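Just data-v6.tsv here, TSV, C-alpha atoms:
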```
chain	number	residue	atom	x	y	z
A	1	MET	CA	-25.07	-36.44	6.53
A	2	ASN	CA	-28.66	-36.37	5.26
A	3	LYS	CA	-30.39	-38.99	7.36
A	4	ILE	CA	-33.91	-39.28	8.63
A	5	PRO	CA	-34.27	-38.85	12.40
A	6	TYR	CA	-33.39	-41.94	14.40
A	7	ILE	CA	-35.85	-43.20	16.97
A	8	HIS	CA	-34.06	-42.74	20.26
A	9	TYR	CA	-36.89	-43.15	22.74
A	10	SER	CA	-39.59	-45.75	23.26
A	11	LYS	CA	-42.24	-43.02	23.12
A	12	ASP	CA	-41.17	-42.28	19.52
A	13	THR	CA	-41.58	-45.94	18.59
A	14	THR	CA	-44.97	-46.00	20.30
A	15	SER	CA	-46.01	-42.87	18.43
A	16	LEU	CA	-45.06	-44.41	15.06
A	17	ILE	CA	-46.83	-47.70	15.84
A	18	LYS	CA	-49.98	-45.77	16.78
A	19	HIS	CA	-49.89	-44.01	13.41
A	20	TYR	CA	-49.55	-47.38	11.67
A	21	PHE	CA	-52.58	-48.77	13.51
A	22	LEU	CA	-54.56	-45.60	12.79
A	23	ALA	CA	-53.66	-45.79	9.08
A	24	LEU	CA	-54.85	-49.41	8.96
A	25	ILE	CA	-58.33	-48.71	10.36
A	26	PRO	CA	-60.02	-47.58	7.10
A	27	LEU	CA	-58.46	-50.54	5.26
A	28	ILE	CA	-59.71	-53.00	7.88
A	29	ILE	CA	-63.24	-51.60	7.68
A	30	PHE	CA	-63.21	-51.75	3.89
A	31	SER	CA	-61.85	-55.32	3.87
A	32	ILE	CA	-64.70	-56.50	6.09
A	33	TYR	CA	-67.25	-54.69	3.92
A	34	LYS	CA	-65.91	-55.77	0.51
A	35	ASN	CA	-65.19	-59.40	1.35
A	36	GLY	CA	-67.97	-59.87	3.88
A	37	PHE	CA	-71.05	-57.67	4.15
A	38	LEU	CA	-71.26	-56.76	0.44
A	39	LEU	CA	-71.21	-60.43	-0.57
A	40	TYR	CA	-73.60	-61.47	2.18
A	41	ASN	CA	-76.12	-58.76	1.26
A	42	ASN	CA	-76.10	-60.06	-2.32
A	43	ASN	CA	-76.69	-63.66	-1.14
A	44	LEU	CA	-73.30	-64.80	-2.44
A	45	ILE	CA	-71.96	-66.18	0.84
A	46	THR	CA	-73.31	-67.70	4.04
A	47	PHE	CA	-73.16	-66.11	7.48
A	48	LYS	CA	-70.21	-68.41	8.33
A	49	THR	CA	-68.23	-67.14	5.33
A	50	LEU	CA	-69.15	-63.58	6.28
A	51	LEU	CA	-67.01	-64.03	9.39
A	52	LEU	CA	-63.86	-65.08	7.49
A	53	PRO	CA	-62.34	-61.55	7.23
A	54	PHE	CA	-62.82	-61.16	11.00
A	55	TYR	CA	-61.25	-64.59	11.53
A	56	PHE	CA	-58.08	-63.83	9.54
A	57	LEU	CA	-57.57	-60.53	11.35
A	58	ILE	CA	-58.16	-61.98	14.83
A	59	ILE	CA	-56.18	-65.21	14.33
A	60	SER	CA	-53.21	-63.15	13.08
A	61	LEU	CA	-53.28	-61.10	16.28
A	62	VAL	CA	-53.50	-64.27	18.37
A	63	VAL	CA	-50.45	-65.75	16.62
A	64	ALA	CA	-48.49	-62.51	17.08
A	65	SER	CA	-49.35	-62.41	20.78
A	66	LEU	CA	-48.18	-66.00	21.19
A	67	VAL	CA	-44.87	-65.31	19.43
A	68	SER	CA	-44.29	-62.19	21.57
A	69	PHE	CA	-44.94	-64.24	24.70
A	70	ILE	CA	-42.52	-66.98	23.61
A	71	PHE	CA	-39.71	-64.53	22.82
A	72	LYS	CA	-40.60	-62.24	25.77
A	73	GLU	CA	-40.87	-59.16	23.57
A	74	LYS	CA	-43.20	-56.20	23.52
A	75	ILE	CA	-46.48	-57.20	21.96
A	76	GLY	CA	-47.19	-53.98	20.00
A	77	PRO	CA	-44.74	-54.38	17.09
A	78	GLU	CA	-45.68	-58.03	16.52
A	79	LEU	CA	-49.40	-57.21	16.52
A	80	LEU	CA	-48.75	-54.51	13.94
A	81	ILE	CA	-46.76	-56.82	11.65
A	82	ALA	CA	-49.39	-59.56	11.91
A	83	LEU	CA	-52.20	-57.13	11.13
A	84	ILE	CA	-50.36	-55.71	8.13
A	85	ILE	CA	-49.71	-59.20	6.77
A	86	SER	CA	-53.27	-60.40	7.39
A	87	LEU	CA	-54.69	-57.67	5.14
A	88	THR	CA	-52.51	-58.84	2.23
A	89	ILE	CA	-53.75	-62.42	2.04
A	90	SER	CA	-56.26	-63.70	-0.51
A	91	PRO	CA	-59.93	-64.17	0.47
A	92	ASN	CA	-59.41	-67.80	-0.66
A	93	THR	CA	-56.63	-68.52	1.84
A	94	ASN	CA	-56.98	-71.82	3.71
A	95	TYR	CA	-58.13	-70.80	7.19
A	96	ILE	CA	-56.58	-73.86	8.88
A	97	ILE	CA	-53.15	-73.80	7.23
A	98	TYR	CA	-52.78	-70.00	7.47
A	99	PRO	CA	-52.29	-69.60	11.26
A	100	ILE	CA	-49.98	-72.64	11.37
A	101	LEU	CA	-47.74	-71.25	8.62
A	102	LEU	CA	-47.83	-67.76	10.10
A	103	PHE	CA	-46.67	-69.05	13.49
A	104	ILE	CA	-43.93	-71.26	12.01
A	105	MET	CA	-42.56	-68.45	9.84
A	106	PHE	CA	-42.65	-65.92	12.69
A	107	VAL	CA	-40.66	-68.26	14.93
A	108	ILE	CA	-38.14	-69.38	12.30
A	109	LEU	CA	-37.32	-65.88	11.12
A	110	LYS	CA	-37.20	-64.55	14.68
A	111	VAL	CA	-34.55	-67.14	15.50
A	112	ILE	CA	-32.61	-66.37	12.30
A	113	LYS	CA	-32.55	-62.64	13.04
A	114	LEU	CA	-31.55	-63.17	16.67
A	115	LYS	CA	-28.76	-65.58	15.71
A	116	THR	CA	-27.33	-63.78	12.67
A	117	LYS	CA	-28.25	-60.13	13.33
A	118	LYS	CA	-28.76	-59.79	9.56
A	119	GLU	CA	-30.88	-56.96	8.17
A	120	PHE	CA	-33.58	-58.02	5.72
A	121	ASN	CA	-37.30	-57.56	5.36
A	122	MET	CA	-38.61	-60.43	7.47
A	123	GLU	CA	-42.22	-59.31	6.97
A	124	ALA	CA	-42.07	-59.63	3.17
A	125	LEU	CA	-40.53	-63.10	3.45
A	126	ILE	CA	-43.27	-64.22	5.86
A	127	ARG	CA	-45.84	-62.98	3.39
A	128	LEU	CA	-44.21	-64.91	0.53
A	129	PHE	CA	-44.32	-68.19	2.45
A	130	LEU	CA	-48.01	-67.64	3.20
A	131	ILE	CA	-48.69	-68.33	-0.49
A	132	LEU	CA	-48.65	-71.98	0.58
A	133	SER	CA	-51.84	-71.45	2.60
A	134	LEU	CA	-53.46	-70.13	-0.58
A	135	LEU	CA	-52.29	-73.01	-2.77
A	136	PHE	CA	-54.18	-75.49	-0.58
A	137	ASN	CA	-57.37	-73.98	-2.01
A	138	SER	CA	-56.62	-72.36	-5.37
A	139	TYR	CA	-54.26	-69.58	-6.40
A	140	SER	CA	-56.81	-66.81	-6.87
A	141	TYR	CA	-57.29	-63.36	-5.37
A	142	LEU	CA	-60.84	-63.10	-6.69
A	143	ASN	CA	-63.65	-63.18	-4.15
A	144	ILE	CA	-66.89	-64.94	-5.10
A	145	ALA	CA	-68.47	-61.84	-6.68
A	146	GLU	CA	-65.39	-61.23	-8.82
A	147	LYS	CA	-65.28	-64.87	-9.92
A	148	LEU	CA	-68.92	-64.68	-11.04
A	149	HIS	CA	-68.51	-61.21	-12.62
A	150	LYS	CA	-71.45	-60.20	-10.47
A	151	PHE	CA	-70.75	-56.46	-10.60
A	152	ASN	CA	-69.66	-54.37	-13.57
A	153	TYR	CA	-67.16	-52.02	-11.99
A	154	SER	CA	-65.80	-48.89	-13.68
A	155	TYR	CA	-62.19	-47.71	-13.45
A	156	PHE	CA	-63.27	-45.34	-10.69
A	157	ASP	CA	-64.69	-48.29	-8.75
A	158	VAL	CA	-61.33	-50.05	-9.13
A	159	PHE	CA	-59.64	-46.93	-7.74
A	160	LEU	CA	-62.02	-47.12	-4.76
A	161	GLY	CA	-60.99	-50.74	-4.19
A	162	PHE	CA	-63.62	-52.90	-5.86
A	163	THR	CA	-61.19	-55.22	-7.61
A	164	SER	CA	-59.19	-58.36	-6.91
A	165	GLY	CA	-56.37	-58.35	-4.38
A	166	GLY	CA	-55.63	-58.93	-0.72
A	167	LEU	CA	-58.34	-58.63	1.91
A	168	GLY	CA	-57.60	-54.97	2.60
A	169	THR	CA	-55.08	-53.91	-0.03
A	170	THR	CA	-57.17	-53.01	-3.08
A	171	SER	CA	-58.34	-49.45	-2.41
A	172	LEU	CA	-55.86	-46.93	-3.81
A	173	PHE	CA	-58.16	-44.16	-2.55
A	174	LEU	CA	-57.94	-45.36	1.06
A	175	LEU	CA	-54.22	-46.02	0.73
A	176	ILE	CA	-53.62	-42.38	-0.17
A	177	ILE	CA	-55.41	-41.47	3.08
A	178	SER	CA	-53.34	-44.04	4.99
A	179	PHE	CA	-50.12	-42.63	3.53
A	180	ILE	CA	-51.08	-39.10	4.62
A	181	ILE	CA	-51.78	-40.36	8.17
A	182	LEU	CA	-48.38	-42.07	8.32
A	183	ALA	CA	-46.57	-39.11	6.77
A	184	LEU	CA	-47.75	-36.93	9.66
A	185	ASN	CA	-45.33	-38.87	11.87
A	186	LYS	CA	-41.79	-37.55	11.44
A	187	PHE	CA	-40.28	-41.01	11.98
A	188	TYR	CA	-42.15	-42.61	9.08
A	189	LYS	CA	-39.77	-43.21	6.15
A	190	LYS	CA	-42.11	-41.76	3.54
A	191	ILE	CA	-39.39	-41.36	0.92
A	192	ILE	CA	-39.34	-45.16	0.42
A	193	PRO	CA	-43.03	-45.68	-0.54
A	194	PHE	CA	-42.96	-42.45	-2.57
A	195	MET	CA	-39.96	-43.54	-4.66
A	196	ALA	CA	-41.24	-47.13	-4.88
A	197	SER	CA	-44.57	-45.87	-6.25
A	198	LEU	CA	-42.70	-43.69	-8.73
A	199	GLY	CA	-40.51	-46.60	-9.86
A	200	TYR	CA	-43.61	-48.75	-10.20
A	201	LEU	CA	-45.78	-46.22	-12.07
A	202	ILE	CA	-43.39	-44.92	-14.72
A	203	PRO	CA	-42.67	-48.31	-16.42
A	204	LEU	CA	-46.36	-49.29	-16.22
A	205	ILE	CA	-47.52	-46.00	-17.75
A	206	ILE	CA	-44.97	-46.30	-20.58
A	207	TYR	CA	-46.00	-49.92	-21.18
A	208	PHE	CA	-49.69	-48.96	-21.20
A	209	PHE	CA	-49.21	-46.21	-23.80
A	210	ILE	CA	-47.25	-48.65	-26.01
A	211	THR	CA	-49.61	-51.62	-25.74
A	212	LYS	CA	-52.96	-50.07	-24.70
A	213	GLU	CA	-53.38	-53.17	-22.55
A	214	PRO	CA	-56.37	-52.65	-20.16
A	215	THR	CA	-54.94	-54.97	-17.50
A	216	THR	CA	-51.93	-52.65	-17.22
A	217	PHE	CA	-54.20	-49.70	-16.46
A	218	LEU	CA	-56.00	-51.84	-13.87
A	219	ALA	CA	-52.64	-52.63	-12.25
A	220	ILE	CA	-51.98	-48.88	-12.02
A	221	LEU	CA	-55.31	-48.29	-10.23
A	222	ASN	CA	-55.22	-51.39	-8.01
A	223	GLY	CA	-53.86	-50.59	-4.55
A	224	HIS	CA	-52.37	-54.05	-3.92
A	225	ASN	CA	-48.72	-53.17	-4.64
A	226	TYR	CA	-48.94	-49.66	-3.21
A	227	TYR	CA	-50.08	-51.22	0.08
A	228	SER	CA	-46.80	-53.14	0.24
A	229	PHE	CA	-44.78	-50.00	-0.51
A	230	ILE	CA	-46.56	-48.02	2.22
A	231	PHE	CA	-46.76	-50.61	5.00
A	232	LEU	CA	-44.02	-53.19	4.36
A	233	ALA	CA	-41.15	-51.59	2.43
A	234	SER	CA	-40.40	-48.98	5.10
A	235	LEU	CA	-41.49	-50.88	8.21
A	236	VAL	CA	-38.28	-52.09	9.89
A	237	ALA	CA	-35.16	-52.99	7.90
A	238	THR	CA	-34.14	-50.16	5.52
A	239	PRO	CA	-30.97	-48.29	4.57
A	240	ASN	CA	-29.98	-45.45	6.88
A	241	SER	CA	-29.59	-42.35	4.73
A	242	SER	CA	-32.25	-40.53	2.74
A	243	LYS	CA	-30.29	-40.95	-0.51
A	244	SER	CA	-29.93	-44.70	0.00
A	245	MET	CA	-33.60	-44.97	0.92
A	246	SER	CA	-34.56	-43.18	-2.30
A	247	ILE	CA	-32.56	-45.63	-4.43
A	248	TYR	CA	-33.83	-48.52	-2.31
A	249	GLY	CA	-37.46	-47.52	-2.87
A	250	LEU	CA	-36.92	-46.90	-6.59
A	251	LEU	CA	-35.43	-50.39	-7.04
A	252	ILE	CA	-38.39	-51.96	-5.26
A	253	GLY	CA	-40.84	-50.12	-7.52
A	254	ILE	CA	-39.02	-50.92	-10.77
A	255	ILE	CA	-38.67	-54.64	-9.99
A	256	THR	CA	-42.32	-54.80	-8.94
A	257	SER	CA	-43.42	-53.19	-12.21
A	258	LEU	CA	-41.32	-55.59	-14.30
A	259	ILE	CA	-42.73	-58.65	-12.52
A	260	THR	CA	-46.24	-57.22	-12.91
A	261	ILE	CA	-45.78	-56.55	-16.64
A	262	PHE	CA	-44.26	-59.90	-17.54
A	263	PHE	CA	-45.94	-62.24	-15.05
A	264	ASN	CA	-49.04	-60.37	-13.76
A	265	PHE	CA	-48.16	-61.84	-10.37
A	266	TYR	CA	-49.85	-60.68	-7.16
A	267	GLU	CA	-46.73	-61.46	-5.14
A	268	ALA	CA	-44.59	-59.04	-7.18
A	269	SER	CA	-44.11	-56.41	-4.49
A	270	TYR	CA	-43.29	-58.95	-1.75
A	271	ILE	CA	-40.66	-60.58	-3.96
A	272	SER	CA	-39.06	-57.24	-4.82
A	273	ILE	CA	-39.15	-55.94	-1.23
A	274	PHE	CA	-37.44	-59.07	0.09
A	275	LEU	CA	-34.81	-59.20	-2.68
A	276	VAL	CA	-33.94	-55.50	-2.47
A	277	SER	CA	-33.83	-55.69	1.35
A	278	LEU	CA	-30.85	-58.05	0.99
A	279	THR	CA	-28.87	-55.05	-0.31
A	280	ILE	CA	-29.35	-53.04	2.91
A	281	PRO	CA	-25.89	-53.97	4.35
A	282	PHE	CA	-24.33	-52.89	1.02
A	283	PHE	CA	-26.08	-49.49	1.16
A	284	ASN	CA	-25.06	-48.93	4.78
A	285	LYS	CA	-21.47	-50.01	4.10
A	286	LEU	CA	-21.21	-47.46	1.29
A	287	GLU	CA	-22.59	-44.72	3.56
A	288	ASN	CA	-20.16	-45.63	6.35
A	289	LYS	CA	-17.22	-45.42	3.94
A	290	LYS	CA	-18.41	-42.09	2.59
A	291	TYR	CA	-18.82	-40.46	5.97
```

Can the structure from this file be put into structure tokens for me?
Amino acid sequence: MNKIPYIHYSKDTTSLIKHYFLALIPLIIFSIYKNGFLLYNNNLITFKTLLLPFYFLIISLVVASLVSFIFKEKIGPELLIALIISLTISPNTNYIIYPILLFIMFVILKVIKLKTKKEFNMEALIRLFLILSLLFNSYSYLNIAEKLHKFNYSYFDVFLGFTSGGLGTTSLFLLIISFIILALNKFYKKIIPFMASLGYLIPLIIYFFITKEPTTFLAILNGHNYYSFIFLASLVATPNSSKSMSIYGLLIGIITSLITIFFNFYEASYISIFLVSLTIPFFNKLENKKY
């Protein structure tokens, strides 16, 4: 049976978590620069607003620590999940509502998983509910410079990450580096983000050549959806076998591309990851019958 290696020992889990944290470092630094220092140096925000990226990262870690304490679990995995989610949120997220919603969703879904033992992508669902903390301000992923069209960025700049998206999700260049870091760990399910990216790219490329729509090309270069494939799609709940994971990742990518094409929606990847994660028991049941 062609399965990826299972994690049998706590040291293997610790090793994988360390790789995740390491892969997040360049994205964290870039998020603070793009949504903080760059804007402050161009007199677009105040010193108080400069601290917002720090705030969202730190408050997410505080919430995760509190949830771990309540449920008496190891703090590492929860810190990782909170950090991954915090980098996906809009720069316009309401800073008061955000930690409240994050805590509520963590607790609710923890209880659901403990009671039902169901496999689904809890992290993607948490991220979807956090849209509410954005709607209290305005549904926009543009920071102040992007709203004012302050900088005229080229396609290469977009590839580097200077475009709209989550706090730390926009740089496709840095995400490639993050993926390489994670792929060095043998327990990272790299087939899922690879197939998801493939399923996402092929429909978008075909659509771009048919329509010549510039926004489609920007969607190809924007790292926002790739971030979800790399850090969320393969994080916890996934099918067991390599073949099932390949199909699982491909479905996530295709659904994400369709939502992007028809709705141009920033939540596309989180919707697809959550919906496709509901099929995990089906995939595993098929594998059990086969073997």

Exercise for review: Have a look at A:Phe194, A:Tyr207, A:Ala268, A:Lys48 and name the one nearest to A:Ile180; count all atoms listed in the file.
Suggested key: A:Phe194

Point to revise | Contact residues around stretch 155-172 of chain A with all atoms listed in the file at 8 Å, ignoring same-chain residues under 5 positions, as a PyMOL selection string | key: chain A and resi 27-28+30-32+34-35+53+86-91+141-143+146+218+221-227+266

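The spacing separating atom CA of A:Leu128 from atom CA of A:Asn92 amounts to 15.5 Å.
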
Exercise for review: Determine the nearest neighbour of A:Phe229 from the options A:Pro77, A:Gly253, A:Pro26, A:Pro214, counting all atoms listed in the file.
Suggested key: A:Gly253

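Among A:Thr93, A:Ser269, A:Thr260, A:Asn121, the residue with the shortest atom-to-atom distance to A:Leu134, counting all atoms listed in the file, is A:Thr93.
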
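Among the candidate residues A:Ile97, A:Leu50, A:Lys110, A:Ile85, the one lying nearest to A:Lys72 is A:Lys110, with distances computed using only C-alpha atoms.
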
Edge lengths and centre in Å, axis-aligned, stretch 194-201 of chain A plus 8 Å each side, as AutoDock Vina command-line options:
```
--center_x -42.9 --center_y -45.6 --center_z -7.3 --size_x 21.8 --size_y 22.3 --size_z 25.5
```

**Study point:** Nearest-residue call for A:Pro281, choices A:Tyr98, A:Phe179, A:Phe120, A:Tyr153, using all atoms listed in the file
**Key:** A:Phe120
